[in-house]
>>> print(open('final00.pdb').read())   # PDB, N, CA and C atoms and all ligand atoms
ATOM      1  N   MET A 200       0.841  -1.195   0.000  1.00  0.00           N
ATOM      2  CA  MET A 200       0.000   0.000   0.000  1.00  0.00           C
ATOM      3  C   MET A 200       0.884   1.256   0.000  1.00  0.00           C
ATOM      4  N   VAL A 201       0.546   2.192  -0.864  1.00  0.00           N
ATOM      5  CA  VAL A 201       1.315   3.434  -0.965  1.00  0.00           C
ATOM      6  C   VAL A 201       0.755   4.455   0.017  1.00  0.00           C
ATOM      7  N   LEU A 202       1.641   5.148   0.711  1.00  0.00           N
ATOM      8  CA  LEU A 202       1.198   6.229   1.598  1.00  0.00           C
ATOM      9  C   LEU A 202       2.254   7.332   1.629  1.00  0.00           C
ATOM     10  N   VAL A 203       1.821   8.505   2.080  1.00  0.00           N
ATOM     11  CA  VAL A 203       2.723   9.650   2.224  1.00  0.00           C
ATOM     12  C   VAL A 203       2.850   9.955   3.710  1.00  0.00           C
ATOM     13  N   ASP A 204       4.083  10.075   4.188  1.00  0.00           N
ATOM     14  CA  ASP A 204       4.250  10.340   5.617  1.00  0.00           C
ATOM     15  C   ASP A 204       4.413  11.833   5.901  1.00  0.00           C
ATOM     16  N   GLU A 205       4.646  12.155   7.176  1.00  0.00           N
ATOM     17  CA  GLU A 205       4.635  13.549   7.627  1.00  0.00           C
ATOM     18  C   GLU A 205       5.847  14.348   7.150  1.00  0.00           C
ATOM     19  N   ASN A 206       6.804  13.699   6.493  1.00  0.00           N
ATOM     20  CA  ASN A 206       7.974  14.426   5.990  1.00  0.00           C
ATOM     21  C   ASN A 206       7.677  15.214   4.713  1.00  0.00           C
ATOM     22  N   CYS A 207       6.499  14.996   4.136  1.00  0.00           N
ATOM     23  CA  CYS A 207       6.129  15.699   2.899  1.00  0.00           C
ATOM     24  C   CYS A 207       6.274  17.218   3.066  1.00  0.00           C
ATOM     25  N   ILE A 208       6.915  17.826   2.067  1.00  0.00           N
ATOM     26  CA  ILE A 208       7.121  19.286   2.099  1.00  0.00           C
ATOM     27  C   ILE A 208       6.235  19.995   1.060  1.00  0.00           C
ATOM     28  N   TRP A 209       5.250  19.268   0.509  1.00  0.00           N
ATOM     29  CA  TRP A 209       4.231  19.888  -0.334  1.00  0.00           C
ATOM     30  C   TRP A 209       4.859  20.472  -1.596  1.00  0.00           C
ATOM     31  N   CYS A 210       5.804  19.765  -2.172  1.00  0.00           N
ATOM     32  CA  CYS A 210       6.502  20.315  -3.342  1.00  0.00           C
ATOM     33  C   CYS A 210       5.730  20.091  -4.639  1.00  0.00           C
ATOM     34  N   GLY A 211       4.863  19.097  -4.683  1.00  0.00           N
ATOM     35  CA  GLY A 211       4.046  18.854  -5.856  1.00  0.00           C
ATOM     36  C   GLY A 211       4.644  17.947  -6.909  1.00  0.00           C
ATOM     37  N   VAL A 212       5.858  17.461  -6.686  1.00  0.00           N
ATOM     38  CA  VAL A 212       6.514  16.617  -7.693  1.00  0.00           C
ATOM     39  C   VAL A 212       5.726  15.325  -7.933  1.00  0.00           C
ATOM     40  N   CYS A 213       5.264  14.697  -6.865  1.00  0.00           N
ATOM     41  CA  CYS A 213       4.551  13.420  -7.042  1.00  0.00           C
ATOM     42  C   CYS A 213       3.272  13.603  -7.856  1.00  0.00           C
ATOM     43  N   GLU A 214       2.548  14.674  -7.604  1.00  0.00           N
ATOM     44  CA  GLU A 214       1.313  14.905  -8.364  1.00  0.00           C
ATOM     45  C   GLU A 214       1.635  15.175  -9.829  1.00  0.00           C
ATOM     46  N   SER A 215       2.724  15.882 -10.098  1.00  0.00           N
ATOM     47  CA  SER A 215       3.062  16.169 -11.492  1.00  0.00           C
ATOM     48  C   SER A 215       3.475  14.900 -12.227  1.00  0.00           C
ATOM     49  N   ILE A 216       4.038  13.935 -11.517  1.00  0.00           N
ATOM     50  CA  ILE A 216       4.465  12.676 -12.144  1.00  0.00           C
ATOM     51  C   ILE A 216       3.317  11.669 -12.198  1.00  0.00           C
ATOM     52  N   ALA A 217       2.549  11.583 -11.137  1.00  0.00           N
ATOM     53  CA  ALA A 217       1.497  10.568 -11.027  1.00  0.00           C
ATOM     54  C   ALA A 217       0.221  11.213 -10.494  1.00  0.00           C
ATOM     55  N   GLY A 218      -0.403  12.016 -11.339  1.00  0.00           N
ATOM     56  CA  GLY A 218      -1.574  12.784 -10.929  1.00  0.00           C
ATOM     57  C   GLY A 218      -2.801  11.953 -10.613  1.00  0.00           C
ATOM     58  N   LYS A 219      -2.817  10.686 -11.085  1.00  0.00           N
ATOM     59  CA  LYS A 219      -3.952   9.813 -10.752  1.00  0.00           C
ATOM     60  C   LYS A 219      -3.830   9.259  -9.340  1.00  0.00           C
ATOM     61  N   ILE A 220      -2.626   9.318  -8.803  1.00  0.00           N
ATOM     62  CA  ILE A 220      -2.364   8.665  -7.518  1.00  0.00           C
ATOM     63  C   ILE A 220      -2.252   9.685  -6.376  1.00  0.00           C
ATOM     64  N   PHE A 221      -1.605  10.824  -6.669  1.00  0.00           N
ATOM     65  CA  PHE A 221      -1.325  11.801  -5.612  1.00  0.00           C
ATOM     66  C   PHE A 221      -2.041  13.121  -5.877  1.00  0.00           C
ATOM     67  N   LYS A 222      -2.579  13.707  -4.812  1.00  0.00           N
ATOM     68  CA  LYS A 222      -3.147  15.044  -4.911  1.00  0.00           C
ATOM     69  C   LYS A 222      -2.588  15.864  -3.757  1.00  0.00           C
ATOM     70  N   VAL A 223      -2.000  17.005  -4.096  1.00  0.00           N
ATOM     71  CA  VAL A 223      -1.373  17.858  -3.088  1.00  0.00           C
ATOM     72  C   VAL A 223      -2.363  18.934  -2.671  1.00  0.00           C
ATOM     73  N   GLU A 224      -2.777  18.894  -1.417  1.00  0.00           N
ATOM     74  CA  GLU A 224      -3.657  19.925  -0.880  1.00  0.00           C
ATOM     75  C   GLU A 224      -3.596  19.869   0.645  1.00  0.00           C
ATOM     76  N   ASP A 225      -4.012  20.948   1.272  1.00  0.00           N
ATOM     77  CA  ASP A 225      -4.037  21.041   2.737  1.00  0.00           C
ATOM     78  C   ASP A 225      -2.671  20.771   3.356  1.00  0.00           C
ATOM     79  N   GLY A 226      -1.608  21.230   2.682  1.00  0.00           N
ATOM     80  CA  GLY A 226      -0.278  21.166   3.290  1.00  0.00           C
ATOM     81  C   GLY A 226       0.469  19.874   3.127  1.00  0.00           C
ATOM     82  N   MET A 227      -0.086  18.927   2.378  1.00  0.00           N
ATOM     83  CA  MET A 227       0.691  17.722   2.081  1.00  0.00           C
ATOM     84  C   MET A 227       0.079  16.970   0.911  1.00  0.00           C
ATOM     85  N   SER A 228       0.797  15.956   0.473  1.00  0.00           N
ATOM     86  CA  SER A 228       0.296  15.128  -0.613  1.00  0.00           C
ATOM     87  C   SER A 228      -0.550  13.991  -0.046  1.00  0.00           C
ATOM     88  N   HIS A 229      -1.652  13.702  -0.726  1.00  0.00           N
ATOM     89  CA  HIS A 229      -2.536  12.619  -0.300  1.00  0.00           C
ATOM     90  C   HIS A 229      -2.595  11.561  -1.395  1.00  0.00           C
ATOM     91  N   VAL A 230      -2.638  10.305  -1.002  1.00  0.00           N
ATOM     92  CA  VAL A 230      -2.852   9.218  -1.952  1.00  0.00           C
ATOM     93  C   VAL A 230      -4.352   9.143  -2.204  1.00  0.00           C
ATOM     94  N   ILE A 231      -4.764   9.438  -3.447  1.00  0.00           N
ATOM     95  CA  ILE A 231      -6.193   9.455  -3.747  1.00  0.00           C
ATOM     96  C   ILE A 231      -6.672   8.112  -4.268  1.00  0.00           C
ATOM     97  N   LYS A 232      -5.767   7.290  -4.738  1.00  0.00           N
ATOM     98  CA  LYS A 232      -6.108   5.903  -5.055  1.00  0.00           C
ATOM     99  C   LYS A 232      -4.840   5.089  -5.065  1.00  0.00           C
ATOM    100  N   GLN A 233      -4.959   3.823  -4.753  1.00  0.00           N
ATOM    101  CA  GLN A 233      -3.803   2.941  -4.829  1.00  0.00           C
ATOM    102  C   GLN A 233      -3.533   2.605  -6.297  1.00  0.00           C
ATOM    103  N   PRO A 234      -2.250   2.517  -6.696  1.00  0.00           N
ATOM    104  CA  PRO A 234      -1.938   2.173  -8.085  1.00  0.00           C
ATOM    105  C   PRO A 234      -2.380   0.751  -8.410  1.00  0.00           C
ATOM    106  N   GLU A 235      -2.993   0.584  -9.570  1.00  0.00           N
ATOM    107  CA  GLU A 235      -3.502  -0.736  -9.980  1.00  0.00           C
ATOM    108  C   GLU A 235      -2.947  -1.149 -11.335  1.00  0.00           C
ATOM    109  N   THR A 236      -3.051  -0.257 -12.304  1.00  0.00           N
ATOM    110  CA  THR A 236      -2.570  -0.616 -13.640  1.00  0.00           C
ATOM    111  C   THR A 236      -1.044  -0.522 -13.680  1.00  0.00           C
ATOM    112  N   GLU A 237      -0.472  -1.145 -14.707  1.00  0.00           N
ATOM    113  CA  GLU A 237       0.981  -1.091 -14.854  1.00  0.00           C
ATOM    114  C   GLU A 237       1.449   0.362 -14.982  1.00  0.00           C
ATOM    115  N   GLU A 238       0.683   1.172 -15.730  1.00  0.00           N
ATOM    116  CA  GLU A 238       1.028   2.586 -15.893  1.00  0.00           C
ATOM    117  C   GLU A 238       1.027   3.307 -14.544  1.00  0.00           C
ATOM    118  N   GLU A 239       0.004   3.051 -13.738  1.00  0.00           N
ATOM    119  CA  GLU A 239      -0.077   3.696 -12.426  1.00  0.00           C
ATOM    120  C   GLU A 239       1.041   3.232 -11.496  1.00  0.00           C
ATOM    121  N   ILE A 240       1.347   1.945 -11.549  1.00  0.00           N
ATOM    122  CA  ILE A 240       2.415   1.399 -10.701  1.00  0.00           C
ATOM    123  C   ILE A 240       3.759   2.003 -11.098  1.00  0.00           C
ATOM    124  N   ASN A 241       4.011   2.099 -12.403  1.00  0.00           N
ATOM    125  CA  ASN A 241       5.281   2.676 -12.855  1.00  0.00           C
ATOM    126  C   ASN A 241       5.378   4.162 -12.503  1.00  0.00           C
ATOM    127  N   ALA A 242       4.270   4.889 -12.670  1.00  0.00           N
ATOM    128  CA  ALA A 242       4.270   6.314 -12.323  1.00  0.00           C
ATOM    129  C   ALA A 242       4.498   6.506 -10.828  1.00  0.00           C
ATOM    130  N   THR A 243       3.921   5.617 -10.028  1.00  0.00           N
ATOM    131  CA  THR A 243       4.123   5.700  -8.573  1.00  0.00           C
ATOM    132  C   THR A 243       5.571   5.441  -8.211  1.00  0.00           C
ATOM    133  N   LYS A 244       6.187   4.463  -8.844  1.00  0.00           N
ATOM    134  CA  LYS A 244       7.620   4.196  -8.597  1.00  0.00           C
ATOM    135  C   LYS A 244       8.461   5.406  -8.975  1.00  0.00           C
ATOM    136  N   ASP A 245       8.117   6.045 -10.092  1.00  0.00           N
ATOM    137  CA  ASP A 245       8.854   7.248 -10.509  1.00  0.00           C
ATOM    138  C   ASP A 245       8.689   8.359  -9.469  1.00  0.00           C
ATOM    139  N   ALA A 246       7.470   8.499  -8.941  1.00  0.00           N
ATOM    140  CA  ALA A 246       7.226   9.535  -7.931  1.00  0.00           C
ATOM    141  C   ALA A 246       8.008   9.240  -6.657  1.00  0.00           C
ATOM    142  N   ILE A 247       8.054   7.978  -6.268  1.00  0.00           N
ATOM    143  CA  ILE A 247       8.818   7.586  -5.075  1.00  0.00           C
ATOM    144  C   ILE A 247      10.284   7.963  -5.269  1.00  0.00           C
ATOM    145  N   SER A 248      10.825   7.680  -6.441  1.00  0.00           N
ATOM    146  CA  SER A 248      12.231   8.001  -6.718  1.00  0.00           C
ATOM    147  C   SER A 248      12.479   9.500  -6.734  1.00  0.00           C
ATOM    148  N   ALA A 249      11.480  10.256  -7.193  1.00  0.00           N
ATOM    149  CA  ALA A 249      11.669  11.692  -7.377  1.00  0.00           C
ATOM    150  C   ALA A 249      11.387  12.508  -6.120  1.00  0.00           C
ATOM    151  N   CYS A 250      10.686  11.947  -5.156  1.00  0.00           N
ATOM    152  CA  CYS A 250      10.351  12.717  -3.944  1.00  0.00           C
ATOM    153  C   CYS A 250      11.637  13.156  -3.244  1.00  0.00           C
ATOM    154  N   PRO A 251      11.804  14.459  -3.022  1.00  0.00           N
ATOM    155  CA  PRO A 251      13.080  14.952  -2.478  1.00  0.00           C
ATOM    156  C   PRO A 251      13.312  14.607  -1.012  1.00  0.00           C
ATOM    157  N   VAL A 252      12.273  14.192  -0.314  1.00  0.00           N
ATOM    158  CA  VAL A 252      12.430  13.885   1.115  1.00  0.00           C
ATOM    159  C   VAL A 252      12.028  12.447   1.454  1.00  0.00           C
ATOM    160  N   ALA A 253      11.889  11.613   0.427  1.00  0.00           N
ATOM    161  CA  ALA A 253      11.545  10.197   0.628  1.00  0.00           C
ATOM    162  C   ALA A 253      10.317  10.017   1.523  1.00  0.00           C
ATOM    163  N   ALA A 254       9.293  10.818   1.244  1.00  0.00           N
ATOM    164  CA  ALA A 254       8.083  10.771   2.080  1.00  0.00           C
ATOM    165  C   ALA A 254       7.054   9.759   1.597  1.00  0.00           C
ATOM    166  N   ILE A 255       7.293   9.177   0.425  1.00  0.00           N
ATOM    167  CA  ILE A 255       6.320   8.210  -0.113  1.00  0.00           C
ATOM    168  C   ILE A 255       6.815   6.809   0.202  1.00  0.00           C
ATOM    169  N   LYS A 256       5.957   6.031   0.867  1.00  0.00           N
ATOM    170  CA  LYS A 256       6.307   4.664   1.264  1.00  0.00           C
ATOM    171  C   LYS A 256       5.403   3.684   0.559  1.00  0.00           C
ATOM    172  N   GLU A 257       5.888   2.460   0.374  1.00  0.00           N
ATOM    173  CA  GLU A 257       5.040   1.394  -0.141  1.00  0.00           C
ATOM    174  C   GLU A 257       5.387   0.096   0.545  1.00  0.00           C
TER     175      GLU A 257
HETATM  176  S1  LIG A 301       7.095  14.568  -3.961  1.00  0.00           S
HETATM  177 FE1  LIG A 301       7.299  14.027  -1.772  1.00  0.00          FE
HETATM  178  S2  LIG A 301       7.565  15.993  -0.714  1.00  0.00           S
HETATM  179 FE2  LIG A 301       6.781  16.452  -2.763  1.00  0.00          FE
HETATM  180  S3  LIG A 301       4.550  16.607  -2.482  1.00  0.00           S
HETATM  181 FE3  LIG A 301       5.020  14.487  -3.089  1.00  0.00          FE
HETATM  182  S4  LIG A 301       5.264  13.346  -1.157  1.00  0.00           S
HETATM  183 FE4  LIG A 301       5.383  15.527  -0.685  1.00  0.00          FE
END
>>> encode(input="final00.pdb", output="structure tokens")
Amino acid sequence: MVLVDENCIWCGVCESIAGKIFKVEDGMSHVIKQPETEEEINATKDAISACPVAAIKE
């Protein structure tokens, strides 16, 4: 299961990479759905790699 922890700095990178999975609002990124398709899973992995503070866990 993918989640965002309290280290999120609200930079918006994850939403720009995987907009179906992450939505940035209210001071942090929220997981709006778990990745299911191969495209969503790959985009989520890219977002995890790109997060500057390693706030996305799976
Ligand atoms: S990329 Fe990381 S720090 Fe930036 S909004 Fe997403 S979870 Fe937060």
>>> atom_distance(input="final00.pdb", atom1="CA of Val252 (chain A)", atom2="CA of Glu237 (chain A)")
24.7 Å
>>> resolve_selection(input="final00.pdb", expression="the PyMOL selection byres (((not hetatm)) within 7 of (chain A and resi 301))", output="PyMOL selection string")
chain A and resi 203-204+206-214+223+227-229+246+249-255
>>> select_by_dssp(input="final00.pdb", residues="chain A", states="strand (DSSP E or B)", output="VMD selection string")
chain A and resid 202 to 203 221 to 224 227 to 230 255 to 256
>>> atom_distance(input="final00.pdb", atom1="atom C of Lys244 (chain A)", atom2="CA of Asp225 (chain A)")
23.2 Å
>>> select_by_dssp(input="final00.pdb", residues="chain A", states="alpha helix (DSSP H)", output="ChimeraX atom specification")
/A:212-216,237-249
>>> closest_residue(input="final00.pdb", among="A:Met200, A:Thr243, A:Lys256, A:Thr236", to="Ser215 (chain A)", atoms="only C-alpha atoms")
A:Thr243
>>> atom_distance(input="final00.pdb", atom1="atom C of Glu238 (chain A)", atom2="atom C of Lys219 (chain A)")
9.3 Å
